[in-house]
Amino acid sequence: MTGPVSTVCAVSTPLAEGGLAVIRISGSKALECAEKIFRPFGGKKVSEMPGYTCAYGKVTDPASGKVLDDAMLTVFRAPKSYTGEDTAEISCHGGVFITRQILRLCLRNGCTQADRGEFTKRAFLNGKLSLTQAESVMDMISARGEQSLRSARLVREGRLFDRIEGIKKRLVALLGELAAWVDYPEEDLPAVSMEAIDSTLSEAVSQLEKLIRDYDSGMILRRGIDTVIAGKPNVGKSTLMNTLLGYERSIVTDAAGTTRDVIEETARLGEIELKLSDTAGIRDTDDKVEQLGVSLAKKRLSECALVIAVFDTSLPLDSEDRELLRELKELAKPTVIVLNKSDLGAEIDSGEFSGIGARILELSAKNGEGLDELTEAVSELFGTSGFDADSTIFANERQKDCAERALERLMTAKQASASGETLDAVTVLIDSAVARLMELTGEKASEAVVDEVFSKFCVGK
Ligand code: GDP
């Protein structure tokens with residue numbers, strides 16, 4: 001990867017009216033450019049300003065002598081800046097027009113426009129940040145809640161890097177031993193024991209598995225579970241939905257088939273957010289409007305991540321219930337079977353539900369009995385029970401994907417070593433796993449990967 005050479009500039013604050021705007025210039029000619037366009041009051045020279053100092057002065061077009069704004073200039077000297085290069089930041093009045101004019105002035109005086117995320121990319125290329133830390137900068141900017149900000153901060157502090165580094169170091173040490181053994185058989189080196197290989201690989205596998213699992217659970221907590229409440233008319237779907245939501249949302253009536261549209265809402269079940277849709281039943285019907293509801297319901301069932309299938313426990317199962325059970329069996333996705341109206345006494349034969357592999361529980365949507373069991377069942381299904389969201393370490397799919405590829409190779413290496421394959425073959429697999437881990441932290445990321453990461457940034461960061 002070649003280092004950046006040009007001096008770049010960009011507006012680092014949003015292009016909107018505000019109290020202040022900041023134009024950032026970074027690169028070997030940053031101070032030269034700043035000196036051309038910024039005149040400090042009191043005759044100070046920008047080129048003589050030490051790092052971490054600022055000056056008050058006028059932004060002036062050297063070509064015409066026209067003053068654009070009064071502003072503050074802050075100077076950072078390499079390597080002690082965000083990018084690791086000489087950097088100047090002009091804090092001017094926050095008008096869109098003024099900011100654009102100053103940016104143009106920079107462009108006419110030796111700078112080129114920075115690409116998306118270019119400042120952070122330079123910080124990465126200059127060793128100021130690891131790739132995962134750079135990604136966390138973006139996560140901090142886009143964090144919308146305390147939870148996501150906290151996990152972005154943990155990555156920023158280097159916790160992910162340290163964890164991956166720990167796993168990698170042990171694998172590299174093992175690789176060293178294997179290489180010596182394979183390359184210098186005549187040297188009488190102590191043999192690498194199969195147990196040592198197996199225990200190092202097992203340890204790395206279980207650590208990566210935990211990181212991946214935590215990421216998946218964290219994602220569920222952050223994004224919520226796309227859930228469908230299914231069941232024939234009148235079993236209590238709307239009532240259950242209203243109970244989960246805590247207020248009256250859908251129309252509850254005694255007439256079958258009243259919930260014709262798909263209603264979507266978000267409800268909290270313990271720690272988990274459910275994105276709920278209460279759909280019409282999936283029975284055969286001649287009613288055109290209802291048919292539409294039924295096909296929508298089927299579509300939603302095939303797309304969702306969790307099905308809460310509701311049956312009326314006070315009545316025996318009928319053909320419509322069995323139709324739903326058949327559908328569920330076919331879908332084979334995480335399902336909780338709710339035997340509703342438990343307050344009325346049971347008529348249903350729960351033996352009919354065997355073979356679906358779903359959790360079955362009794363509940364009364366009307367009085368809320370059994371909701372705790374429902375909460376527990378869902379969090380068990382998604383592995384979020386007892387999960388500490390603070391422990392989420394991966395920030396995005398890219399990182400998880402690298403870890404998954406490393407894991408896959410380590411598992412194959414484990415199998416290979418157990419089934420007596422040559423140490424050469426095992427070495428190649430471990431080596432490839434280490435490469436994936438280095439891609440994760442950015443130590444060995446290809447230029448394309450780095451570009452892809454930074455292309456998601458905004459200009460000016
Ligand atoms: P949906 O058509 O499946 O959405 O069913 P609704 O939620 O509209 O409920 C149909 C009827 O069953 C209404 O009269 C509800 O009050 C009643 N119902 C729903 N849940 C319960 C429950 O847990 N116990 C009792 N006793 N009645 C319920």
# chains A, B, ... in the order shown; residues from 1 in each chain; ligands from 1
>>> residues_around(residues="stretch 299-307 of chain A", least_positions_apart="4", cutoff="9 Å", atoms="only C-alpha atoms", output="PyMOL selection string")
chain A and resi 225-230+262+277+279+294-295+328+331+333-337+378
>>> residues_around(residues="stretch 242-247 of chain A", least_positions_apart="2", cutoff="7 Å", atoms="only C-alpha atoms", output="PyMOL selection string")
chain A and resi 238-240+249+267+365+368
>>> atom_distance(atom1="atom CA of A:Glu352", atom2="atom 24 (N, counted along the ligand's line) of ligand 1")
21.2 Å
>>> select_by_dssp(residues="stretch 160-381 of chain A", states="alpha helix (DSSP H)", output="MDAnalysis selection string")
chainID A and resid 160:183 194:223 237:245 288:303 319:331 371:381
>>> residues_around(residues="A:Asp349", least_positions_apart="5", cutoff="9 Å", atoms="only C-alpha atoms", output="short mmCIF file (atom, residue, chain, number, x, y, z; two decimals) with N, CA and C atoms, in the first residue's frame")
data_model
loop_
_atom_site.label_atom_id
_atom_site.label_comp_id
_atom_site.auth_asym_id
_atom_site.auth_seq_id
_atom_site.Cartn_x
_atom_site.Cartn_y
_atom_site.Cartn_z
N THR A 313 -56.79 -22.62 23.56
CA THR A 313 -56.69 -23.87 24.33
C THR A 313 -58.05 -24.34 24.86
N PRO A 316 -61.06 -27.63 20.99
CA PRO A 316 -60.21 -28.63 20.34
C PRO A 316 -59.64 -28.07 19.02
N LEU A 317 -58.53 -28.62 18.59
CA LEU A 317 -57.94 -28.16 17.32
C LEU A 317 -58.88 -28.45 16.16
#
>>> closest_residue(among="A:Gly231, A:Gly293, A:Gly270, A:Gly370", to="ligand 1", atoms="only C-alpha atoms and all ligand atoms")
A:Gly231
>>> residues_around(residues="A:Glu89", least_positions_apart="4", cutoff="6 Å", atoms="only C-alpha atoms", output="list in words")
Ile23, Arg24, Leu73 and Thr74 of chain A
>>> write_last_selection(atoms="all heavy atoms", output="PDB file, in the first residue's frame")
ATOM      1  N   ILE A  23     -12.987  23.523   8.952  1.00  0.00           N
ATOM      2  CA  ILE A  23     -12.394  23.031   7.708  1.00  0.00           C
ATOM      3  C   ILE A  23     -11.054  22.431   8.080  1.00  0.00           C
ATOM      4  O   ILE A  23     -10.240  23.081   8.741  1.00  0.00           O
ATOM      5  CB  ILE A  23     -12.209  24.171   6.689  1.00  0.00           C
ATOM      6  CG1 ILE A  23     -13.596  24.658   6.249  1.00  0.00           C
ATOM      7  CG2 ILE A  23     -11.429  23.709   5.471  1.00  0.00           C
ATOM      8  CD1 ILE A  23     -13.755  26.114   6.309  1.00  0.00           C
ATOM      9  N   ARG A  24     -10.876  21.180   7.698  1.00  0.00           N
ATOM     10  CA  ARG A  24      -9.654  20.499   8.101  1.00  0.00           C
ATOM     11  C   ARG A  24      -8.735  20.323   6.896  1.00  0.00           C
ATOM     12  O   ARG A  24      -9.189  19.949   5.818  1.00  0.00           O
ATOM     13  CB  ARG A  24     -10.040  19.140   8.669  1.00  0.00           C
ATOM     14  CG  ARG A  24      -8.932  18.437   9.402  1.00  0.00           C
ATOM     15  CD  ARG A  24      -9.372  17.034   9.718  1.00  0.00           C
ATOM     16  NE  ARG A  24      -9.666  16.826  11.116  1.00  0.00           N
ATOM     17  CZ  ARG A  24     -10.381  15.778  11.563  1.00  0.00           C
ATOM     18  NH1 ARG A  24     -10.889  14.924  10.722  1.00  0.00           N
ATOM     19  NH2 ARG A  24     -10.580  15.623  12.847  1.00  0.00           N
ATOM     20  N   LEU A  73      -7.451  29.416  13.925  1.00  0.00           N
ATOM     21  CA  LEU A  73      -6.687  28.369  13.248  1.00  0.00           C
ATOM     22  C   LEU A  73      -5.980  27.542  14.317  1.00  0.00           C
ATOM     23  O   LEU A  73      -5.300  28.096  15.184  1.00  0.00           O
ATOM     24  CB  LEU A  73      -5.650  29.000  12.319  1.00  0.00           C
ATOM     25  CG  LEU A  73      -4.744  27.973  11.631  1.00  0.00           C
ATOM     26  CD1 LEU A  73      -5.420  27.414  10.392  1.00  0.00           C
ATOM     27  CD2 LEU A  73      -3.407  28.589  11.267  1.00  0.00           C
ATOM     28  N   THR A  74      -6.154  26.230  14.251  1.00  0.00           N
ATOM     29  CA  THR A  74      -5.435  25.348  15.182  1.00  0.00           C
ATOM     30  C   THR A  74      -4.415  24.556  14.385  1.00  0.00           C
ATOM     31  O   THR A  74      -4.738  24.033  13.298  1.00  0.00           O
ATOM     32  CB  THR A  74      -6.403  24.372  15.885  1.00  0.00           C
ATOM     33  OG1 THR A  74      -7.535  25.110  16.345  1.00  0.00           O
ATOM     34  CG2 THR A  74      -5.742  23.687  17.063  1.00  0.00           C
TER      35      THR A  74
END
>>> closest_residue(among="A:Thr87, A:Asn109, A:Asn340, A:Ser202", to="ligand 1", atoms="only C-alpha atoms and all ligand atoms")
A:Asn340
>>> residues_around(residues="A:Glu165", least_positions_apart="6", cutoff="9 Å", atoms="only C-alpha atoms", output="MDAnalysis selection string")
chainID A and resid 437:438 441
>>> residues_around(residues="A:Ala173", least_positions_apart="3", cutoff="12 Å", atoms="only C-alpha atoms", output="PyMOL selection string")
chain A and resi 166-170+176-180+192+196-197+200-201+427+430-431+434
>>> closest_residue(among="A:Ser342, A:Thr112, A:Asn396, A:Ser12", to="ligand 1", atoms="only C-alpha atoms and all ligand atoms")
A:Ser342
>>> closest_residue(among="A:Glu373, A:Glu203, A:Glu362, A:Glu330", to="A:Leu407", atoms="only C-alpha atoms")
A:Glu203
>>> closest_residue(among="A:Leu175, A:Leu131, A:Ala418, A:Leu221", to="A:Val449", atoms="only C-alpha atoms")
A:Leu131
>>> select_by_dssp(residues="stretch 20-226 of chain A", states="strand (DSSP E)", output="JSON, numbers by chain")
{"A": [20, 21, 22, 23, 24, 25, 26, 38, 39, 40, 53, 54, 55, 56, 57, 58, 59, 60, 67, 68, 69, 70, 71, 72, 73, 74, 75, 76, 87, 88, 89, 90, 91, 92, 93, 94, 112, 113, 225, 226]}
>>> closest_residue(among="A:Ser417, A:Arg39, A:Leu20, A:Ile164", to="A:Leu211", atoms="only C-alpha atoms")
A:Ile164
>>> atom_distance(atom1="atom CA of A:Ile348", atom2="atom CA of A:Asp312")
7.8 Å
